[in-house]
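J.: This is the content of model-v4.csv (CSV, C-alpha atoms and all ligand atoms):
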```csv
chain,number,residue,atom,x,y,z
G,1,MET,CA,-31.8,169.3,36.7
G,2,ASN,CA,-35.4,169.6,37.8
G,3,PRO,CA,-35.4,172.7,40.1
G,4,SER,CA,-38.7,171.7,41.6
G,5,TYR,CA,-37.4,168.5,43.1
G,6,GLU,CA,-35.2,170.0,45.8
G,7,GLN,CA,-38.0,172.4,46.8
G,8,ILE,CA,-40.7,169.8,47.0
G,9,ARG,CA,-38.3,167.4,48.8
G,10,ALA,CA,-37.5,170.2,51.3
G,11,ARG,CA,-41.2,170.9,51.9
G,12,VAL,CA,-42.0,167.2,52.4
G,13,ASP,CA,-39.1,166.9,54.9
G,14,VAL,CA,-40.1,170.0,56.9
G,15,ALA,CA,-43.7,168.8,57.1
G,16,ALA,CA,-42.5,165.3,58.1
G,17,GLN,CA,-40.2,166.6,60.8
G,18,ALA,CA,-43.0,168.5,62.4
G,19,THR,CA,-44.9,165.2,62.8
G,20,GLY,CA,-41.9,163.2,63.9
G,21,HIS,CA,-42.5,160.3,61.4
G,22,ALA,CA,-40.8,159.6,58.0
G,23,VAL,CA,-42.7,160.5,54.8
G,24,ASN,CA,-42.0,158.9,51.4
G,25,LEU,CA,-42.3,160.9,48.3
G,26,LEU,CA,-43.8,159.2,45.2
G,27,ALA,CA,-43.2,161.1,42.0
G,28,VAL,CA,-46.3,160.7,39.8
G,29,SER,CA,-45.0,160.5,36.3
G,30,LYS,CA,-48.1,159.6,34.3
G,31,MET,CA,-48.2,161.4,31.0
G,32,GLN,CA,-44.7,162.7,31.6
G,33,PRO,CA,-41.8,161.9,29.2
G,34,VAL,CA,-39.2,159.3,30.1
G,35,ALA,CA,-36.5,162.0,30.0
G,36,ALA,CA,-38.2,163.8,32.9
G,37,ILE,CA,-38.3,160.5,34.9
G,38,ARG,CA,-34.6,159.9,34.2
G,39,GLU,CA,-33.7,163.4,35.2
G,40,LEU,CA,-35.4,163.0,38.6
G,41,ALA,CA,-33.8,159.6,39.1
G,42,MET,CA,-30.4,161.2,38.6
G,43,GLN,CA,-31.3,163.6,41.4
G,44,GLY,CA,-32.0,160.7,43.7
G,45,GLN,CA,-35.7,159.9,43.3
G,46,ARG,CA,-36.4,156.2,43.2
G,47,ALA,CA,-40.2,155.7,43.5
G,48,PHE,CA,-42.5,156.6,40.6
G,49,GLY,CA,-46.2,156.3,40.2
G,50,GLU,CA,-48.1,155.6,37.0
G,51,ASN,CA,-51.8,155.3,36.3
G,52,TYR,CA,-51.9,153.3,33.2
G,53,VAL,CA,-50.4,149.8,32.9
G,54,GLN,CA,-49.4,150.0,29.3
G,55,GLU,CA,-47.9,153.4,29.5
G,56,ALA,CA,-45.9,152.3,32.5
G,57,ILE,CA,-44.5,149.2,30.8
G,58,VAL,CA,-43.2,151.2,27.9
G,59,LYS,CA,-41.4,153.6,30.3
G,60,GLN,CA,-40.0,150.8,32.5
G,61,ARG,CA,-38.5,149.2,29.4
G,62,GLU,CA,-36.7,152.4,28.5
G,63,LEU,CA,-35.5,152.9,32.1
G,64,ALA,CA,-34.5,149.3,32.8
G,65,ASP,CA,-30.9,150.4,33.4
G,66,LEU,CA,-32.1,152.3,36.5
G,67,ASP,CA,-33.1,150.6,39.8
G,68,LEU,CA,-36.6,152.2,40.2
G,69,GLU,CA,-39.6,151.3,42.3
G,70,TRP,CA,-42.9,151.4,40.4
G,71,HIS,CA,-46.3,152.0,41.9
G,72,LEU,CA,-49.6,151.5,40.1
G,73,ILE,CA,-51.9,154.2,41.4
G,74,GLY,CA,-54.7,154.2,38.8
G,75,PRO,CA,-57.8,152.1,38.8
G,76,LEU,CA,-57.1,148.5,37.9
G,77,GLN,CA,-59.3,146.5,35.5
G,78,SER,CA,-59.5,142.7,36.2
G,79,ASN,CA,-58.1,142.0,32.8
G,80,LYS,CA,-54.9,143.9,33.7
G,81,CYS,CA,-54.1,142.0,36.9
G,82,ARG,CA,-51.5,139.8,35.3
G,83,GLU,CA,-49.5,142.8,34.0
G,84,ALA,CA,-49.9,144.6,37.2
G,85,ALA,CA,-48.5,141.6,39.1
G,86,LEU,CA,-45.6,141.3,36.7
G,87,HIS,CA,-44.5,144.9,36.3
G,88,PHE,CA,-45.0,146.7,39.6
G,89,ASP,CA,-43.6,146.8,43.1
G,90,TRP,CA,-46.7,148.4,44.6
G,91,LEU,CA,-50.4,148.4,43.8
G,92,GLN,CA,-52.0,151.4,45.6
G,93,SER,CA,-55.5,151.0,44.1
G,94,LEU,CA,-56.8,147.6,45.2
G,95,ASP,CA,-60.5,148.2,45.9
G,96,ARG,CA,-62.3,144.9,45.4
G,97,GLU,CA,-62.0,141.3,46.4
G,98,LYS,CA,-62.2,140.1,42.8
G,99,LEU,CA,-58.7,141.4,42.0
G,100,ILE,CA,-56.9,139.5,44.8
G,101,GLU,CA,-56.9,135.9,43.4
G,102,PRO,CA,-55.5,136.9,39.9
G,103,LEU,CA,-52.9,139.2,41.4
G,104,ASN,CA,-51.8,136.5,43.8
G,105,ARG,CA,-51.7,133.9,41.1
G,106,PHE,CA,-49.7,136.0,38.6
G,107,ARG,CA,-47.1,137.5,41.1
G,108,PRO,CA,-43.9,135.7,40.0
G,109,ALA,CA,-42.4,133.4,42.7
G,110,ASP,CA,-38.9,135.0,42.2
G,111,ARG,CA,-40.1,138.4,43.1
G,112,PRO,CA,-41.0,139.7,46.6
G,113,PRO,CA,-44.7,139.8,47.3
G,114,LEU,CA,-46.6,142.7,45.7
G,115,ASN,CA,-47.0,145.5,48.1
G,116,VAL,CA,-50.7,146.5,48.3
G,117,LEU,CA,-52.7,149.4,49.5
G,118,ILE,CA,-56.5,149.3,49.8
G,119,GLN,CA,-57.9,152.4,48.0
G,120,VAL,CA,-60.8,153.9,50.0
G,121,ASN,CA,-63.5,156.1,48.6
G,122,ILE,CA,-63.4,158.3,51.7
G,123,ASP,CA,-65.9,160.9,50.5
G,124,SER,CA,-68.3,158.2,49.1
G,125,GLU,CA,-68.3,159.8,45.7
G,126,ALA,CA,-70.5,158.0,43.2
G,127,SER,CA,-68.0,158.2,40.3
G,128,LYS,CA,-64.9,157.3,42.2
G,129,SER,CA,-63.0,154.0,42.6
G,130,GLY,CA,-62.1,152.8,46.0
G,131,CYS,CA,-64.0,150.6,48.5
G,132,ALA,CA,-66.5,151.9,51.1
G,133,PRO,CA,-64.7,152.6,54.4
G,134,ASP,CA,-66.7,149.9,56.1
G,135,ALA,CA,-65.4,147.3,53.6
G,136,ILE,CA,-61.8,147.7,54.7
G,137,PRO,CA,-61.6,144.9,57.3
G,138,ALA,CA,-63.0,142.2,55.0
G,139,LEU,CA,-60.8,143.3,52.1
G,140,ALA,CA,-57.8,143.3,54.5
G,141,ALA,CA,-58.6,139.8,55.7
G,142,ALA,CA,-58.8,138.6,52.1
G,143,ILE,CA,-55.5,140.1,51.2
G,144,ALA,CA,-53.9,138.6,54.3
G,145,SER,CA,-54.8,135.1,53.0
G,146,ALA,CA,-53.0,135.8,49.7
G,147,PRO,CA,-49.3,134.8,50.2
G,148,ARG,CA,-48.0,136.7,47.1
G,149,LEU,CA,-49.5,140.0,48.3
G,150,ARG,CA,-48.4,142.0,51.2
G,151,LEU,CA,-50.9,144.5,52.7
G,152,ARG,CA,-49.1,147.7,53.7
G,153,GLY,CA,-52.0,150.1,54.3
G,154,LEU,CA,-54.5,152.5,52.8
G,155,MET,CA,-54.7,155.0,50.0
G,156,ALA,CA,-57.3,157.7,49.2
G,157,ILE,CA,-57.9,160.6,46.8
G,158,PRO,CA,-60.3,163.0,48.7
G,159,GLU,CA,-62.8,165.0,46.8
G,160,PRO,CA,-61.3,168.2,45.5
G,161,ALA,CA,-63.1,170.4,48.0
G,162,ASP,CA,-61.9,173.2,50.2
G,163,ALA,CA,-59.1,172.6,52.7
G,164,ASP,CA,-61.5,172.1,55.6
G,165,ALA,CA,-63.4,169.3,53.9
G,166,ARG,CA,-60.1,167.7,52.7
G,167,GLY,CA,-58.7,167.9,56.1
G,168,ALA,CA,-61.7,166.2,57.5
G,169,ALA,CA,-61.4,163.4,54.9
G,170,PHE,CA,-57.7,163.0,55.7
G,171,THR,CA,-58.6,162.7,59.4
G,172,ARG,CA,-61.2,160.0,58.7
G,173,MET,CA,-58.5,158.1,56.7
G,174,ARG,CA,-56.1,158.5,59.6
G,175,GLU,CA,-58.7,156.9,61.9
G,176,ARG,CA,-59.2,154.0,59.5
G,177,PHE,CA,-55.5,153.6,59.2
G,178,ASP,CA,-55.0,153.5,63.0
G,179,ALA,CA,-57.8,150.9,63.3
G,180,LEU,CA,-56.2,148.7,60.7
G,181,ARG,CA,-52.8,149.0,62.2
G,182,ALA,CA,-54.2,148.0,65.6
G,183,ASP,CA,-55.5,144.8,64.0
G,184,LEU,CA,-52.8,143.7,61.6
G,185,PRO,CA,-49.0,143.6,61.8
G,186,GLY,CA,-47.0,145.2,59.0
G,187,ILE,CA,-49.3,148.1,58.2
G,188,ASP,CA,-47.1,151.1,57.8
G,189,THR,CA,-48.3,153.2,54.8
G,190,LEU,CA,-51.0,155.8,54.6
G,191,SER,CA,-50.9,157.2,51.1
G,192,MET,CA,-52.7,160.6,50.8
G,193,GLY,CA,-51.9,164.1,49.6
G,194,MET,CA,-51.0,165.4,46.2
G,195,SER,CA,-49.5,168.6,44.7
G,196,ASP,CA,-52.1,170.9,46.2
G,197,ASP,CA,-52.5,169.4,49.7
G,198,PHE,CA,-49.5,167.3,50.6
G,199,GLU,CA,-48.5,169.3,53.6
G,200,LEU,CA,-52.0,169.1,55.1
G,201,ALA,CA,-52.0,165.4,54.4
G,202,ILE,CA,-48.6,164.9,56.2
G,203,ALA,CA,-49.8,166.9,59.2
G,204,THR,CA,-52.8,164.6,59.4
G,205,GLY,CA,-50.7,161.4,59.3
G,206,ALA,CA,-49.8,160.6,55.7
G,207,THR,CA,-46.6,158.5,55.4
G,208,LEU,CA,-46.5,158.6,51.6
G,209,VAL,CA,-47.5,161.6,49.3
G,210,ARG,CA,-48.1,161.3,45.6
G,211,ILE,CA,-46.9,164.4,43.8
G,212,GLY,CA,-47.2,164.9,40.0
G,213,THR,CA,-47.7,168.5,38.7
G,214,ALA,CA,-45.7,170.2,41.4
G,215,LEU,CA,-42.7,168.2,40.4
G,216,PHE,CA,-43.1,167.9,36.6
G,217,GLY,CA,-45.3,170.7,35.6
G,218,THR,CA,-48.6,170.2,33.6
G,219,ARG,CA,-49.2,166.8,32.1
G,220,ASN,CA,-49.2,166.2,28.4
G,221,ASN,CA,-52.7,164.8,28.0
G,222,THR,CA,-52.0,163.3,24.6
G,223,ARG,CA,-49.8,160.7,26.2
I,301,LIG,C1,-52.4,162.0,39.0
I,301,LIG,C2,-52.4,161.5,40.4
I,301,LIG,C3,-51.7,162.1,41.4
I,301,LIG,C4,-50.8,163.3,41.3
I,301,LIG,O1,-51.6,164.5,41.2
I,301,LIG,P1,-51.0,165.9,41.1
I,301,LIG,O2,-52.1,166.8,41.5
I,301,LIG,O3,-50.4,166.1,39.7
I,301,LIG,O4,-49.9,166.0,42.1
I,301,LIG,C5,-51.7,161.5,42.7
I,301,LIG,N1,-52.5,160.4,42.9
I,301,LIG,C6,-53.2,159.8,42.0
I,301,LIG,C7,-54.0,158.6,42.3
I,301,LIG,C8,-53.2,160.4,40.7
I,301,LIG,O5,-54.0,159.8,39.8
```
The structure in this file should be written as structure tokens.
Ligand SMILES: *Cc1c(COP(=O)(O)O)cnc(C)c1O
T.:
Amino acid sequence: MNPSYEQIRARVDVAAQATGHAVNLLAVSKMQPVAAIRELAMQGQRAFGENYVQEAIVKQRELADLDLEWHLIGPLQSNKCREAALHFDWLQSLDREKLIEPLNRFRPADRPPLNVLIQVNIDSEASKSGCAPDAIPALAAAIASAPRLRLRGLMAIPEPADADARGAAFTRMRERFDALRADLPGIDTLSMGMSDDFELAIATGATLVRIGTALFGTRNNTR
């Protein structure tokens, strides 16, 4: 039993109820042992997020007896597109056009299209991945022309600033999300909010929160 799970689930549900829309919980399991993932799966959690392709593949193999949904949430290098297309249900970190063709080509025909979120560098941080906010429409159009990819929405990791600045970043994401949704059918996912700020993110319109340490405790950085 992971005692944090019920608590976090309850907090997500309360925050979601206040907004009137459903919110999905992604358990971020990077650098956490397989046993901890299995434990959470036994408690009913189905969607897990990983940052590193190789680490995820090892875990997926050990957990193949469970019906889990895997999200890649870390930066994707072009030379990992094949493995990303083969081994994940969602890619939350698509941030440049160059990745679209190989992802589309390598997505197996016998699997549903790869669900994709465009990662947005909402605070325009020099060191961060994510596309510029103004690049969203062109990237969305390019994804729409790739039949093996299915664009579902946007993802962001705001700068770790104070709550006011983070709230402002969440609001800017919400505006971009609403604009995208007005243009394109099938857009239903706004992924923002982590252990420290998921309630604020939900209040601002997040439909998916990515929670690691609040569920699993501190990560083991030796992997
Ligand atoms: C690690 C990570 C998270 C989870 O962060 P916590 O603060 O542990 O909840 C969420 N999203 C992304 C993209 C991450 O890399």
J.: Rounded to one decimal place, report the CA of Ala85 in chain G-CA of Val116 in chain G distance in Å.
T.: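 Here the two named atoms are 10.7 Å from each other.
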J.: Using all atoms listed in the file, what does the table of chain G residues within 9 Å of ligand LIG 301 (chain I) look like, with each row giving the shortest atom pair and its distance in Å to one decimal, sorted by chain and ascending number, as CSV?
T.:
```
residue,atom,partner,partner_atom,distance
G:Leu26,CA,I:LIG301,C5,8.6
G:Ala27,CA,I:LIG301,C4,7.9
G:Val28,CA,I:LIG301,C4,5.4
G:Ser29,CA,I:LIG301,C1,8.0
G:Lys30,CA,I:LIG301,C1,6.8
G:Gly49,CA,I:LIG301,C5,8.0
G:Glu50,CA,I:LIG301,O5,7.8
G:Asn51,CA,I:LIG301,O5,6.1
G:Leu72,CA,I:LIG301,C7,8.6
G:Ile73,CA,I:LIG301,C7,5.0
G:Gly74,CA,I:LIG301,C7,5.7
G:Pro75,CA,I:LIG301,C7,8.3
G:Gln92,CA,I:LIG301,C7,8.2
G:Ser93,CA,I:LIG301,C7,8.0
G:Met155,CA,I:LIG301,C7,8.5
G:Ala156,CA,I:LIG301,C7,7.7
G:Ile157,CA,I:LIG301,C7,6.3
G:Ser191,CA,I:LIG301,N1,8.9
G:Met192,CA,I:LIG301,N1,7.9
G:Gly193,CA,I:LIG301,C5,7.4
G:Met194,CA,I:LIG301,O4,4.3
G:Ser195,CA,I:LIG301,O4,3.7
G:Asp196,CA,I:LIG301,O2,6.2
G:Asp197,CA,I:LIG301,O2,8.6
G:Phe198,CA,I:LIG301,O4,8.6
G:Val209,CA,I:LIG301,C5,7.8
G:Arg210,CA,I:LIG301,C5,4.6
G:Ile211,CA,I:LIG301,O4,3.8
G:Gly212,CA,I:LIG301,O3,3.4
G:Thr213,CA,I:LIG301,O3,3.7
G:Ala214,CA,I:LIG301,O4,6.0
G:Leu215,CA,I:LIG301,O4,7.7
G:Phe216,CA,I:LIG301,O3,8.1
G:Gly217,CA,I:LIG301,O3,8.0
G:Thr218,CA,I:LIG301,O3,7.6
G:Arg219,CA,I:LIG301,O3,7.7
```
J.: Under the rule that all atoms listed in the file are counted, which of G:Asp13, G:Asp123, G:Glu83, G:Asp67 is the nearest residue to Ala168 in chain G?
T.: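 So, comparing all the options, the nearest one is G:Asp123.
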J.: So the first atom is CA of Asp65 in chain G and the second is CA of Ala109 in chain G; what is the distance between them in Å, to one decimal place?
T.: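 Atom-to-atom, CA of Asp65 in chain G to CA of Ala109 in chain G, that is 22.5 Å.
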J.: Please compute the CA of Leu200 in chain G-CA of Arg9 in chain G distance, one decimal, in Å.
T.: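 Here the two named atoms are 15.2 Å from each other.
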J.: Return the single residue from G:Leu117, G:Ala22, G:Leu149, G:Val14 that is closest to Ile100 in chain G, with distances computed using all atoms listed in the file.
T.: G:Leu149
